[in-house]
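S.K.: Below are the structure tokens for one structure; questions will follow.
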Amino acid sequence: MVRPLVSIVIPCHNARQWISQCIRSAIDQAYVHKEIIVVDDGSTDGSQDVIRSFGDRIRSEFAPNRGSNFARNRLLELSRGSWLSFLDADDYLLPEKIERQMEAVERNKDVAVVSSPPIEFIEKTGETYRQTFEDDDLLANYIGWERFSTTACLWRREALIEVGGWNQNQPVCQEHELILRLILAGKKFKLLKEPLSVYRRANNESISRRSPMRTLSHQMALLNKLESFLVASGPLQNNHRRALEQARFEAARTSYAHDREFAENLIRHIYKTNSFFHPRGRAAPLLYRVAFELLGFKAAENVAAVVR
């Protein structure tokens with residue numbers, strides 16, 4: 001039996017120091033029936049020379065700079081596989097990534113996306129952090145946010161086309177925006193607990209790190225859209241409501257130093273549906289929780305600022 005063709009597709013923009021490792025990780029995949037396509041999005045740092053050095057082991061296209069989601073959609077057009085693995089040029093795959101995910105596809109014929117949590121690699125320090133899906137609850141894991149990344153997923157080509165591909169007007173949270181459209185379209189996901197790719201945190205130049213409020217506002221907008229869908233389509237389960245509350249609380253903590261009105265609105269949003277909300281998790285250490293319960297959010301933030 002001939003197994004399905006998988007297209008490993010790589011958008012690249014000014015990633016000369018990483019693109020070779022990235023492409024090699026695609027070539028070294030244990031899954032044999034694959035193609036590798038690179039679209040260079042107007043690099044000016046010599047990335048194109050590295051890409052060309054791989055010769056006919058890959059297909060490549062060189063285009064003017066129009067943005068990462070434009071490049072991803074071009075890769076979708078160029079791909080011939082029924083399944084796609086998008087691989088950002090500064091990330092890389094572990095050798096069994098495609099094989100393990102295609103095994104999951106073969107066991108779950110109606111699945112549209114297979115996702116494995118990434119390993120986060122902090123290049124500056126050499127530290128690694130392993131994410132995990134704690135259970136099979138897609139919605140709770142989506143609300144938890146960090147367990148999904150572009151590189152971590154295997155995507156059914158026809159499902160991507162059906163929902164319109166990547167949103168070229170989405171500046172941040174790009175994979176989460178696409179995943180939400182697939183969820184709203186009723187597409188099936190399979191979550192694997194085994195990390196199979198490495199997400200590299202190389203610098204602080206990404207949009208999400210330069211503009212944390214921009215990222216948080218888009219994140220909260222996507223979660224609001226999901227919540228509205230869940231309320232309209234049936235009762236919002238308690239575990240999902242608690243996860244939404246916690247996500248908003250953590251976003252409020254992060255945003256308070258940048259935009260207090262935004263942060264306070266998030267806390268008000270929580271209390272609209274749960275007047276007995278209690279903060280938890282790493283974002284709420286004991287002293288903070290006590291201040292929050294006795295004095296409220298703003299006072300707890302002031303206490304936290306003094307402690308810092």
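Labels for the structure tokens follow display order: chains A, B, ..., residues from 1 in each chain, ligands from 1.
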Enumerate the residues of region 90-306 of chain A with a DSSP assignment of strand (DSSP E or B), computed from the backbone, and present them as a PyMOL selection string.

M.R.: chain A and resi 92-93+111-115+119-122+127-130+153-156+188-191+197-201

S.K.: For the interface of region 81-173 of chain A with region 49-70 of chain A (cut-off 9 Å, counting only C-alpha atoms), please tabulate each contacting residue of region 81-173 of chain A alongside its nearest pair of atoms and their separation in Å to one decimal, rows sorted by chain and increasing number, as a tab-separated table.

M.R.:
residue	atom	partner	partner_atom	distance
A:Gly165	CA	A:Asn69	CA	8.9
A:Trp166	CA	A:Asn69	CA	5.7
A:Asn167	CA	A:Asn69	CA	6.5
A:Gln168	CA	A:Asn69	CA	5.1
A:Asn169	CA	A:Asn69	CA	8.2
A:Gln170	CA	A:Asn69	CA	8.1
A:Pro171	CA	A:Asn69	CA	8.8

S.K.: Those same residues, written as a JSON list (two decimals), in the first residue's frame with all heavy atoms?

M.R.:
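File written: result.json
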[["chain", "number", "residue", "atom", "x", "y", "z"],
["A", 165, "GLY", "N", -7.53, 28.77, 3.91],
["A", 165, "GLY", "CA", -6.09, 28.89, 4.09],
["A", 165, "GLY", "C", -5.72, 29.86, 5.20],
["A", 165, "GLY", "O", -6.52, 30.16, 6.10],
["A", 166, "TRP", "N", -4.50, 30.34, 5.13],
["A", 166, "TRP", "CA", -3.99, 31.26, 6.15],
["A", 166, "TRP", "C", -4.51, 32.67, 5.91],
["A", 166, "TRP", "O", -4.57, 33.13, 4.77],
["A", 166, "TRP", "CB", -2.47, 31.26, 6.14],
["A", 166, "TRP", "CG", -1.87, 29.95, 6.52],
["A", 166, "TRP", "CD1", -1.69, 28.86, 5.70],
["A", 166, "TRP", "CD2", -1.39, 29.55, 7.80],
["A", 166, "TRP", "NE1", -1.14, 27.81, 6.41],
["A", 166, "TRP", "CE2", -0.94, 28.21, 7.70],
["A", 166, "TRP", "CE3", -1.29, 30.20, 9.03],
["A", 166, "TRP", "CZ2", -0.39, 27.52, 8.77],
["A", 166, "TRP", "CZ3", -0.76, 29.51, 10.11],
["A", 166, "TRP", "CH2", -0.32, 28.19, 9.98],
["A", 167, "ASN", "N", -4.86, 33.36, 6.97],
["A", 167, "ASN", "CA", -5.38, 34.73, 6.89],
["A", 167, "ASN", "C", -4.23, 35.70, 6.71],
["A", 167, "ASN", "O", -3.45, 35.93, 7.64],
["A", 167, "ASN", "CB", -6.18, 35.05, 8.16],
["A", 167, "ASN", "CG", -6.79, 36.43, 8.14],
["A", 167, "ASN", "OD1", -6.55, 37.23, 7.24],
["A", 167, "ASN", "ND2", -7.60, 36.72, 9.14],
["A", 168, "GLN", "N", -4.12, 36.28, 5.53],
["A", 168, "GLN", "CA", -2.99, 37.16, 5.22],
["A", 168, "GLN", "C", -3.07, 38.51, 5.92],
["A", 168, "GLN", "O", -2.12, 39.28, 5.90],
["A", 168, "GLN", "CB", -2.87, 37.33, 3.70],
["A", 168, "GLN", "CG", -2.46, 36.02, 3.03],
["A", 168, "GLN", "CD", -2.55, 36.03, 1.52],
["A", 168, "GLN", "OE1", -2.47, 34.98, 0.89],
["A", 168, "GLN", "NE2", -2.73, 37.19, 0.92],
["A", 169, "ASN", "N", -4.20, 38.78, 6.57],
["A", 169, "ASN", "CA", -4.35, 40.03, 7.33],
["A", 169, "ASN", "C", -4.20, 39.82, 8.83],
["A", 169, "ASN", "O", -4.48, 40.74, 9.60],
["A", 169, "ASN", "CB", -5.72, 40.66, 7.03],
["A", 169, "ASN", "CG", -5.87, 41.05, 5.58],
["A", 169, "ASN", "OD1", -4.97, 41.66, 5.00],
["A", 169, "ASN", "ND2", -7.00, 40.70, 4.97],
["A", 170, "GLN", "N", -3.77, 38.63, 9.23],
["A", 170, "GLN", "CA", -3.61, 38.31, 10.65],
["A", 170, "GLN", "C", -2.15, 38.53, 11.04],
["A", 170, "GLN", "O", -1.29, 37.74, 10.68],
["A", 170, "GLN", "CB", -4.03, 36.87, 10.93],
["A", 170, "GLN", "CG", -3.99, 36.46, 12.38],
["A", 170, "GLN", "CD", -5.15, 37.01, 13.19],
["A", 170, "GLN", "OE1", -6.17, 37.37, 12.62],
["A", 170, "GLN", "NE2", -5.01, 37.09, 14.49],
["A", 171, "PRO", "N", -1.83, 39.59, 11.80],
["A", 171, "PRO", "CA", -0.43, 39.90, 12.07],
["A", 171, "PRO", "C", 0.23, 39.02, 13.12],
["A", 171, "PRO", "O", 1.44, 38.79, 13.08],
["A", 171, "PRO", "CB", -0.48, 41.36, 12.53],
["A", 171, "PRO", "CG", -1.84, 41.50, 13.16],
["A", 171, "PRO", "CD", -2.74, 40.61, 12.37]]

S.K.: Neighbours of region 260-271 of chain A within 9 Å (only C-alpha atoms; same-chain residues fewer than 5 positions away dropped), as a PDB file with N, CA and C atoms, in the first residue's frame?

M.R.:
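Below is the file result.pdb, written as the result:
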ATOM      1  N   SER A 217      -4.334  41.383  22.695  1.00  0.00           N
ATOM      2  CA  SER A 217      -5.650  41.808  22.215  1.00  0.00           C
ATOM      3  C   SER A 217      -6.181  40.837  21.165  1.00  0.00           C
ATOM      4  N   MET A 220      -7.205  37.538  23.046  1.00  0.00           N
ATOM      5  CA  MET A 220      -8.480  37.663  23.727  1.00  0.00           C
ATOM      6  C   MET A 220      -9.636  37.728  22.735  1.00  0.00           C
ATOM      7  N   LEU A 244     -11.273  29.664  30.349  1.00  0.00           N
ATOM      8  CA  LEU A 244     -11.388  31.019  29.804  1.00  0.00           C
ATOM      9  C   LEU A 244     -11.126  32.070  30.881  1.00  0.00           C
ATOM     10  N   GLU A 245     -11.671  31.852  32.067  1.00  0.00           N
ATOM     11  CA  GLU A 245     -11.431  32.785  33.171  1.00  0.00           C
ATOM     12  C   GLU A 245      -9.942  32.873  33.484  1.00  0.00           C
ATOM     13  N   GLN A 246      -9.284  31.733  33.555  1.00  0.00           N
ATOM     14  CA  GLN A 246      -7.864  31.723  33.876  1.00  0.00           C
ATOM     15  C   GLN A 246      -7.047  32.402  32.785  1.00  0.00           C
ATOM     16  N   ARG A 248      -8.028  34.791  30.810  1.00  0.00           N
ATOM     17  CA  ARG A 248      -8.245  36.244  30.914  1.00  0.00           C
ATOM     18  C   ARG A 248      -7.508  36.814  32.114  1.00  0.00           C
ATOM     19  N   PHE A 249      -7.503  36.077  33.210  1.00  0.00           N
ATOM     20  CA  PHE A 249      -6.765  36.546  34.385  1.00  0.00           C
ATOM     21  C   PHE A 249      -5.272  36.679  34.069  1.00  0.00           C
ATOM     22  N   ALA A 251      -3.878  37.069  31.172  1.00  0.00           N
ATOM     23  CA  ALA A 251      -3.692  38.179  30.237  1.00  0.00           C
ATOM     24  C   ALA A 251      -3.790  39.526  30.959  1.00  0.00           C
ATOM     25  N   ALA A 252      -4.676  39.605  31.949  1.00  0.00           N
ATOM     26  CA  ALA A 252      -4.801  40.839  32.732  1.00  0.00           C
ATOM     27  C   ALA A 252      -3.515  41.125  33.498  1.00  0.00           C
ATOM     28  N   ARG A 253      -2.931  40.082  34.085  1.00  0.00           N
ATOM     29  CA  ARG A 253      -1.672  40.260  34.803  1.00  0.00           C
ATOM     30  C   ARG A 253      -0.564  40.740  33.864  1.00  0.00           C
ATOM     31  N   THR A 254      -0.479  40.142  32.696  1.00  0.00           N
ATOM     32  CA  THR A 254       0.570  40.504  31.738  1.00  0.00           C
ATOM     33  C   THR A 254       0.368  41.920  31.207  1.00  0.00           C
ATOM     34  N   SER A 255      -0.869  42.299  30.974  1.00  0.00           N
ATOM     35  CA  SER A 255      -1.139  43.586  30.323  1.00  0.00           C
ATOM     36  C   SER A 255      -1.204  44.761  31.284  1.00  0.00           C
ATOM     37  N   PHE A 276     -17.536  34.728  41.922  1.00  0.00           N
ATOM     38  CA  PHE A 276     -16.744  34.044  42.945  1.00  0.00           C
ATOM     39  C   PHE A 276     -15.396  33.580  42.393  1.00  0.00           C
ATOM     40  N   PHE A 277     -14.924  34.234  41.342  1.00  0.00           N
ATOM     41  CA  PHE A 277     -13.656  33.829  40.720  1.00  0.00           C
ATOM     42  C   PHE A 277     -12.493  33.906  41.712  1.00  0.00           C
ATOM     43  N   PHE A 297      -8.176  43.253  42.388  1.00  0.00           N
ATOM     44  CA  PHE A 297      -7.141  43.091  41.358  1.00  0.00           C
ATOM     45  C   PHE A 297      -6.111  44.215  41.376  1.00  0.00           C
ATOM     46  N   LYS A 298      -6.557  45.470  41.353  1.00  0.00           N
ATOM     47  CA  LYS A 298      -5.608  46.592  41.280  1.00  0.00           C
ATOM     48  C   LYS A 298      -4.687  46.620  42.494  1.00  0.00           C
TER      49      LYS A 298
END

S.K.: Considering only C-alpha atoms, return as a list of chain:residue names whatever protein or nucleic-acid residues lie within 7 Å of Leu5 (chain A), sequence-local ones (same chain, fewer than 4 positions apart) excluded.

M.R.: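 Answer for this query is A:His33, A:Lys34, A:Gly81, A:Ser82, A:Trp83.
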
S.K.: Kindly export the residues of the current selection with N, CA, C and O atoms, as a CSV table (one decimal), in the first residue's frame.

M.R.:
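Now in result-v4.csv:
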chain,number,residue,atom,x,y,z
A,33,HIS,N,7.6,8.9,2.0
A,33,HIS,CA,6.8,9.5,0.9
A,33,HIS,C,6.5,10.9,1.2
A,33,HIS,O,5.4,11.3,1.7
A,34,LYS,N,7.4,11.8,0.9
A,34,LYS,CA,7.3,13.2,1.2
A,34,LYS,C,8.0,14.0,0.1
A,34,LYS,O,8.7,13.6,-0.7
A,81,GLY,N,1.0,17.1,-1.8
A,81,GLY,CA,0.6,16.2,-0.8
A,81,GLY,C,-0.8,16.4,-0.3
A,81,GLY,O,-1.4,17.5,-0.3
A,82,SER,N,-1.4,15.3,0.2
A,82,SER,CA,-2.7,15.4,0.8
A,82,SER,C,-2.6,15.8,2.2
A,82,SER,O,-3.6,16.2,2.8
A,83,TRP,N,-1.4,15.8,2.8
A,83,TRP,CA,-1.1,16.3,4.1
A,83,TRP,C,0.0,17.3,4.1
A,83,TRP,O,1.0,17.1,3.3

S.K.: Can you measure CA of Lys188 (chain A) to CA of Val111 (chain A) for me? One decimal in Å is fine.

M.R.: 4.7 Å

S.K.: Quick one: distance from CA of Ala104 (chain A) to CA of Asp135 (chain A) in Å, one decimal?

M.R.: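 CA of Asp135 (chain A) lies at a distance of 15.8 Å from CA of Ala104 (chain A).
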
S.K.: Show which residues sit within 7 Å of region 279-290 of chain A, as a PyMOL selection string. Count only C-alpha atoms, and ignore same-chain residues fewer than 2 positions away.

M.R.: chain A and resi 250+277+292-294+300+304

S.K.: Could you save the residues just selected, with all heavy atoms, as a short mmCIF file (atom, residue, chain, number, x, y, z; two decimals), in the first residue's frame?

M.R.:
data_model
loop_
_atom_site.label_atom_id
_atom_site.label_comp_id
_atom_site.auth_asym_id
_atom_site.auth_seq_id
_atom_site.Cartn_x
_atom_site.Cartn_y
_atom_site.Cartn_z
N GLU A 250 -4.70 35.67 33.44
CA GLU A 250 -3.27 35.72 33.12
C GLU A 250 -2.97 36.84 32.14
O GLU A 250 -1.93 37.52 32.25
CB GLU A 250 -2.83 34.37 32.56
CG GLU A 250 -2.84 33.27 33.62
CD GLU A 250 -2.48 31.89 33.07
OE1 GLU A 250 -2.10 31.81 31.88
OE2 GLU A 250 -2.59 30.90 33.84
N PHE A 277 -14.92 34.23 41.34
CA PHE A 277 -13.66 33.83 40.72
C PHE A 277 -12.49 33.91 41.71
O PHE A 277 -12.36 34.88 42.46
CB PHE A 277 -13.35 34.73 39.52
CG PHE A 277 -11.96 34.54 38.97
CD1 PHE A 277 -11.64 33.41 38.23
CD2 PHE A 277 -10.96 35.50 39.21
CE1 PHE A 277 -10.36 33.23 37.74
CE2 PHE A 277 -9.68 35.32 38.71
CZ PHE A 277 -9.38 34.19 37.97
N PHE A 292 -5.44 39.63 46.30
CA PHE A 292 -6.55 39.66 45.35
C PHE A 292 -7.87 39.41 46.06
O PHE A 292 -8.87 40.13 45.85
CB PHE A 292 -6.31 38.60 44.27
CG PHE A 292 -7.28 38.63 43.13
CD1 PHE A 292 -6.95 39.24 41.94
CD2 PHE A 292 -8.54 38.04 43.24
CE1 PHE A 292 -7.85 39.26 40.87
CE2 PHE A 292 -9.44 38.05 42.19
CZ PHE A 292 -9.09 38.67 41.00
N GLU A 293 -7.91 38.40 46.94
CA GLU A 293 -9.14 38.06 47.63
C GLU A 293 -9.58 39.15 48.60
O GLU A 293 -10.78 39.44 48.72
CB GLU A 293 -8.96 36.74 48.42
CG GLU A 293 -8.59 35.54 47.57
CD GLU A 293 -9.73 35.04 46.71
OE1 GLU A 293 -10.87 35.49 46.92
OE2 GLU A 293 -9.49 34.19 45.83
N LEU A 294 -8.62 39.78 49.27
CA LEU A 294 -8.97 40.78 50.29
C LEU A 294 -9.18 42.17 49.72
O LEU A 294 -10.06 42.91 50.18
CB LEU A 294 -7.87 40.83 51.36
CG LEU A 294 -7.70 39.58 52.22
CD1 LEU A 294 -6.51 39.76 53.17
CD2 LEU A 294 -8.99 39.28 53.00
N ALA A 300 -3.86 44.07 44.36
CA ALA A 300 -2.95 42.94 44.24
C ALA A 300 -1.81 43.24 43.29
O ALA A 300 -0.65 42.86 43.55
CB ALA A 300 -3.71 41.70 43.77
N ALA A 304 2.16 43.34 44.15
CA ALA A 304 3.12 42.60 43.34
C ALA A 304 4.24 43.50 42.84
O ALA A 304 5.41 43.08 42.80
CB ALA A 304 2.41 41.94 42.15
#

S.K.: Which value, in Å to one decimal, gives the distance between CA of Leu184 (chain A) and CA of Leu154 (chain A)?

M.R.: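 A separation of 18.2 Å between them.
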
S.K.: Give the answer as one residue: which of A:Gln219, A:Ser20, A:Thr150, A:Ser211 has the shortest atom-to-atom distance to Ser197 (chain A), using only C-alpha atoms?

M.R.: A:Thr150

S.K.: For Val114 (chain A), which of A:Asp91, A:Asp41, A:Glu77, A:Glu194 is the closest residue, counting only C-alpha atoms?

M.R.: A:Glu194

S.K.: Per residue of region 141-171 of chain A within 10 Å of region 130-134 of chain A, record the nearest atom pair and its distance in Å to one decimal, counting only C-alpha atoms, with rows in chain order and ascending residue number, as a Markdown table.

M.R.:
| residue | atom | partner | partner_atom | distance |
| --- | --- | --- | --- | --- |
| A:Asn141 | CA | A:Phe133 | CA | 6.7 |
| A:Tyr142 | CA | A:Phe133 | CA | 9.8 |
| A:Gly144 | CA | A:Phe133 | CA | 9.7 |
| A:Glu146 | CA | A:Gln131 | CA | 7.9 |
| A:Arg147 | CA | A:Gln131 | CA | 6.0 |
| A:Phe148 | CA | A:Gln131 | CA | 9.1 |

S.K.: If you keep N, CA, C and O atoms, can you produce a file of those selected residues as a compact mmCIF listing (two decimals), in the first residue's frame?

M.R.:
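And here's out.txt as it stands now:
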# COMPACT_ATOMS: atom_id res chain seq x y z
N ASN A 141 -7.42 22.70 25.73
CA ASN A 141 -6.03 22.87 25.32
C ASN A 141 -5.86 24.10 24.44
O ASN A 141 -4.85 24.80 24.54
N TYR A 142 -6.84 24.37 23.59
CA TYR A 142 -6.77 25.59 22.76
C TYR A 142 -6.79 26.83 23.64
O TYR A 142 -6.00 27.76 23.44
N GLY A 144 -5.80 27.06 26.61
CA GLY A 144 -4.51 27.13 27.27
C GLY A 144 -3.40 27.68 26.41
O GLY A 144 -2.34 28.04 26.91
N GLU A 146 -0.58 27.85 24.67
CA GLU A 146 0.82 27.67 24.32
C GLU A 146 1.14 26.30 23.75
O GLU A 146 2.23 26.07 23.23
N ARG A 147 0.24 25.36 23.83
CA ARG A 147 0.54 24.00 23.40
C ARG A 147 0.45 23.81 21.90
O ARG A 147 0.80 22.76 21.38
N PHE A 148 -0.03 24.80 21.17
CA PHE A 148 -0.12 24.72 19.71
C PHE A 148 0.95 25.62 19.09
O PHE A 148 1.22 26.70 19.57

S.K.: Between A:Leu94, A:Ala112, A:Leu222, A:Val303, which one has atoms that come closest to Arg157 (chain A), using only C-alpha atoms?

M.R.: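 Checking each candidate against Arg157 (chain A), we get A:Ala112 as the closest.
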
S.K.: Give the answer as one residue: which of A:Trp18, A:Tyr256, A:Phe229, A:Trp155 has the shortest atom-to-atom distance to Ser115 (chain A), using only C-alpha atoms?

M.R.: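 That would be A:Trp155, the residue with the smallest distance to Ser115 (chain A).
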
S.K.: Kindly indicate which residue among A:Ile122, A:Cys153, A:Val105, A:Leu230 lies nearest to Val9 (chain A), using only C-alpha atoms for the distances.

M.R.: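 So, comparing all the options, the nearest one is A:Cys153.
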
S.K.: Pick out the closest residue to Tyr199 (chain A) from this set: A:Pro118, A:Pro212, A:Gly164, A:Gly126. Count only C-alpha atoms.

M.R.: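 Under the stated criterion, the closest residue is A:Pro118.
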